[in-house]
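Structure file structure.txt (compact mmCIF, C-alpha atoms) follows.
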# COMPACT_ATOMS: atom_id res chain seq x y z
CA MET A 1 -14.39 -10.94 3.68
CA HIS A 2 -12.58 -8.51 5.97
CA LEU A 3 -9.56 -6.46 4.98
CA GLY A 4 -7.26 -5.82 7.92
CA TRP A 5 -5.26 -2.60 8.24
CA LEU A 6 -2.17 -4.20 6.74
CA ALA A 7 -4.10 -5.47 3.72
CA ARG A 8 -5.66 -2.02 3.29
CA ILE A 9 -2.22 -0.38 3.39
CA ALA A 10 -0.88 -2.92 0.92
CA VAL A 11 -3.78 -2.39 -1.47
CA ALA A 12 -3.50 1.37 -1.14
CA ALA A 13 0.24 1.21 -1.77
CA MET A 14 -0.26 -0.98 -4.81
CA LEU A 15 -2.91 1.35 -6.16
CA ALA A 16 -0.89 4.46 -5.38
CA CYS A 17 2.25 3.10 -6.98
CA GLY A 18 0.71 0.70 -9.41
CA SER A 19 -1.51 3.31 -10.99
CA LEU A 20 1.57 4.35 -12.93
CA LEU A 21 3.30 0.99 -13.20
CA VAL A 22 1.94 0.07 -16.59
CA VAL A 23 3.87 -1.09 -19.58
CA SER A 24 4.95 1.96 -21.53
CA ALA A 25 5.74 2.17 -25.22
CA PRO A 26 8.14 -0.49 -26.51
CA GLY A 27 11.72 0.53 -26.02
CA ALA A 28 10.80 3.30 -23.60
CA ALA A 29 11.72 1.34 -20.49
CA GLN A 30 15.34 1.23 -19.46
CA GLN A 31 17.23 -1.79 -18.19
CA LYS A 32 19.49 0.20 -15.88
CA PRO A 33 18.09 3.63 -15.18
CA SER A 34 20.36 6.64 -14.86
CA PRO A 35 20.71 8.46 -11.54
CA ALA A 36 18.82 11.39 -13.12
CA ALA A 37 15.92 9.10 -14.08
CA ILE A 38 15.80 7.67 -10.55
CA ALA A 39 15.85 11.18 -9.06
CA ALA A 40 13.02 12.24 -11.38
CA ALA A 41 11.08 9.08 -10.48
CA LYS A 42 11.54 9.85 -6.79
CA GLU A 43 10.22 13.37 -7.39
CA LEU A 44 7.23 11.88 -9.21
CA LEU A 45 6.57 9.35 -6.47
CA ILE A 46 6.58 12.04 -3.79
CA LEU A 47 4.64 14.53 -5.93
CA LYS A 48 1.81 12.06 -6.50
CA GLY A 49 1.78 10.95 -2.85
CA GLY A 50 2.96 7.46 -3.73
CA ASP A 51 5.42 7.57 -0.85
CA LEU A 52 2.75 8.09 1.84
CA PRO A 53 1.70 4.44 2.19
CA PHE A 54 5.31 3.61 3.07
CA ASN A 55 5.55 6.13 5.93
CA PRO A 56 4.34 3.75 8.67
CA VAL A 57 6.26 0.67 7.47
CA VAL A 58 9.35 1.07 9.69
CA TYR A 59 7.21 1.95 12.72
CA ASN A 60 4.85 -0.98 12.12
CA VAL A 61 7.69 -3.49 11.70
CA ILE A 62 9.28 -2.36 14.96
CA GLU A 63 5.94 -2.54 16.80
CA LYS A 64 5.25 -5.98 15.37
CA VAL A 65 8.64 -7.30 16.49
CA LYS A 66 8.19 -5.69 19.92
CA SER A 67 4.82 -7.44 20.26
CA VAL A 68 6.60 -10.78 19.89
CA PHE A 69 8.49 -10.13 23.14
CA VAL A 70 5.67 -8.59 25.21
CA PRO A 71 3.59 -11.77 25.91
CA THR A 72 6.57 -13.71 27.23
CA ASN A 73 8.14 -10.71 28.99
CA PRO A 74 5.24 -8.60 30.36
CA ASN A 75 7.43 -7.05 33.08
CA LEU A 76 9.76 -5.62 30.44
CA GLY A 77 7.14 -3.39 28.80
CA LYS A 78 8.86 -0.11 29.74
CA GLU A 79 12.26 -1.27 28.53
CA LEU A 80 10.79 -2.75 25.33
CA ASN A 81 9.08 0.59 24.63
CA GLU A 82 12.39 2.40 25.18
CA VAL A 83 14.18 0.07 22.76
CA ALA A 84 11.35 0.46 20.25
CA ALA A 85 11.64 4.28 20.43
CA GLN A 86 15.40 4.03 19.95
CA LEU A 87 15.02 1.67 16.98
CA LYS A 88 12.40 3.91 15.35
CA LYS A 89 14.94 6.74 15.28
CA GLU A 90 17.75 4.42 14.20
CA TYR A 91 15.78 2.79 11.38
CA GLU A 92 14.00 5.91 10.07
CA PRO A 93 16.52 6.17 7.17
CA LYS A 94 15.23 2.77 5.98
CA ARG A 95 12.08 4.58 4.79
CA ALA A 96 14.21 6.62 2.38
CA GLU A 97 15.81 3.39 1.19
CA LEU A 98 12.37 1.97 0.44
CA ILE A 99 11.33 5.13 -1.43
CA ASN A 100 14.53 4.95 -3.50
CA ASP A 101 13.83 1.31 -4.33
CA VAL A 102 10.32 2.15 -5.53
CA ALA A 103 11.63 5.15 -7.49
CA ARG A 104 14.07 2.79 -9.24
CA MET A 105 11.10 0.57 -10.18
CA TYR A 106 9.44 3.54 -11.86
CA ALA A 107 12.68 4.45 -13.62
CA GLU A 108 13.02 0.88 -14.90
CA ARG A 109 9.56 1.06 -16.53
CA PHE A 110 9.49 4.65 -17.74
CA SER A 111 12.08 6.64 -19.64
CA GLU A 112 13.38 9.78 -17.99
CA GLN A 113 11.35 11.86 -20.47
CA GLU A 114 8.17 9.95 -19.68
CA ILE A 115 8.74 10.55 -15.98
CA LYS A 116 9.25 14.27 -16.62
CA THR A 117 6.00 14.35 -18.61
CA LEU A 118 4.22 12.68 -15.69
CA ILE A 119 5.76 15.21 -13.28
CA THR A 120 4.39 18.01 -15.46
CA PHE A 121 0.96 16.38 -15.33
CA TYR A 122 1.03 15.93 -11.55
CA LYS A 123 2.02 19.58 -11.12
CA SER A 124 -0.96 20.68 -13.26
CA PRO A 125 -4.35 21.51 -11.68
CA LEU A 126 -5.81 18.22 -12.94
CA GLY A 127 -2.79 16.31 -11.62
CA ARG A 128 -3.09 18.01 -8.21
CA LYS A 129 -6.80 17.10 -8.18
CA MET A 130 -5.84 13.49 -8.93
CA VAL A 131 -3.39 13.51 -6.00
CA THR A 132 -6.05 14.94 -3.70
CA ASP A 133 -8.99 12.80 -4.80
CA GLU A 134 -7.39 9.45 -5.63
CA PRO A 135 -6.72 8.44 -1.98
CA LYS A 136 -10.35 9.20 -1.14
CA ILE A 137 -11.51 7.13 -4.10
CA ILE A 138 -9.20 4.28 -3.11
CA ASP A 139 -10.49 4.31 0.48
CA GLN A 140 -14.09 4.53 -0.75
CA SER A 141 -13.50 1.66 -3.18
CA LEU A 142 -11.89 -0.52 -0.48
CA ASN A 143 -14.90 0.05 1.77
CA HIS A 144 -17.22 -0.69 -1.14
CA VAL A 145 -15.37 -3.90 -2.02
CA GLU A 146 -15.51 -5.05 1.59
CA ASN A 147 -19.26 -4.35 1.86
CA TRP A 148 -19.95 -5.81 -1.59
CA GLY A 149 -18.00 -8.95 -0.70
CA ASN A 150 -19.92 -9.33 2.56
CA GLU A 151 -23.24 -9.00 0.73
CA LEU A 152 -22.16 -11.52 -1.90
CA SER A 153 -21.03 -13.88 0.85
CA ASP A 154 -24.47 -13.66 2.47
CA GLN A 155 -26.15 -14.37 -0.88
CA VAL A 156 -23.89 -17.33 -1.60
CA LEU A 157 -24.44 -18.69 1.91
CA SER A 158 -28.21 -18.51 1.42
CA ARG A 159 -27.94 -20.24 -1.93
CA PHE A 160 -25.80 -23.02 -0.47
CA ARG A 161 -28.40 -23.58 2.22
CA GLU A 162 -31.22 -23.48 -0.32
CA GLU A 163 -29.51 -25.94 -2.68
CA MET A 164 -28.46 -28.26 0.14
CA LYS A 165 -32.04 -28.21 1.52
CA LYS A 166 -33.19 -29.47 -1.91
CA LYS A 167 -30.80 -32.37 -1.42
CA GLY A 168 -32.24 -33.14 2.02
CA HIS A 169 -29.65 -31.38 4.18
CA ASP A 170 -30.58 -28.60 6.55
CA LEU A 171 -27.51 -26.36 7.01
Can you present the structure in this file as structure tokens?
Amino acid sequence: MHLGWLARIAVAAMLACGSLLVVSAPGAAQQKPSPAAIAAAKELLILKGGDLPFNPVVYNVIEKVKSVFVPTNPNLGKELNEVAAQLKKEYEPKRAELINDVARMYAERFSEQEIKTLITFYKSPLGRKMVTDEPKIIDQSLNHVENWGNELSDQVLSRFREEMKKKGHDL
């Protein structure tokens, strides 16, 4: 079991955003959030650091697309890098679009008042501690899960071999 960098970013993003994406009290969620609720949700997202996992998305997409052209056009490396640099500047506003989309998701699940209450929490000393320590805990937990999964895999592999040996097969 090996989590690549993209999987780690995805898990971190889900944890960073998803830690608040729980079902709130019945009737509290809005079907179509107001602009004020979306703005508050955006403030919350940024305040809690939930926007950070999205920072490299535009850059990574451009690099991934560029890497499609490099193997078949190795002599165009310089020009492909120039185009990539140009596109990174051109597409940087897409990051804000993504943040706004995620903020809307918060605003669809939480009322404006709930979001304001969460903002108050995240501005408190305990909330600031959560913002500081949660990414470390997430990274630590991802490393733990990866190591734990590898250990379990080794145990299961040994058991397969042991059980198959009982059946007359040496794996």
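Relative to CA of Gly127 (chain A), CA of Val102 (chain A) is found at 20.2 Å.
You can rank A:Leu45, A:Leu98, A:Ala84, A:Met164 by their closest distance to Ser67 (chain A) using only C-alpha atoms, and at the top of that list sits A:Ala84.
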- Message: Between A:Ser153, A:Leu44, A:Gly77, A:Val68, which residue has the minimum interatomic distance to Thr117 (chain A), considering all atoms listed in the file?
- Response: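 Of the candidates, the smallest distance to Thr117 (chain A) is held by A:Leu44.
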Quick one: residues within 10 Å of Asn81 (chain A), all atoms listed in the file counted, chain neighbours fewer than 6 positions away excluded, as a PyMOL selection string? chain A and resi 63+66+70+87
* How many Å separate CA of Ile115 (chain A) from CA of Ala36 (chain A)? ->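 It comes out at 10.5 Å.
You will find CA of Lys42 (chain A) at 7.9 Å from CA of Arg104 (chain A).
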Using all atoms listed in the file, the residue out of A:Leu118, A:Val145, A:Ile46, A:Leu76 with shortest distance to Ala96 (chain A) is A:Ile46
* Selected residue of minimal separation from Arg159 (chain A) among A:Val131, A:Leu80, A:Leu171, A:Val58, counting only C-alpha atoms ->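 Closest residue, counting only C-alpha atoms: A:Leu171.
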Return as lines of an AutoDock Vina configuration file the box centre and box size in Å, one decimal, for an axis-aligned box around all listed atoms of region 35-41 of chain A padded by 3 Å per side.
center_x = 15.9
center_y = 10.0
center_z = -11.6
size_x = 15.6
size_y = 10.6
size_z = 11.0
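Proximity of A:Lys94, A:His144, A:Lys116, A:Lys129 to Glu43 (chain A), computed with all atoms listed in the file, is greatest for A:Lys116.
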*Just give me the residues with any atom within 12 Å of (8.4, 7.7, 6.5), file coordinates, counting all atoms listed in the file, written as a PyMOL selection string.*
chain A and resi 46+49-60+88-89+91-99
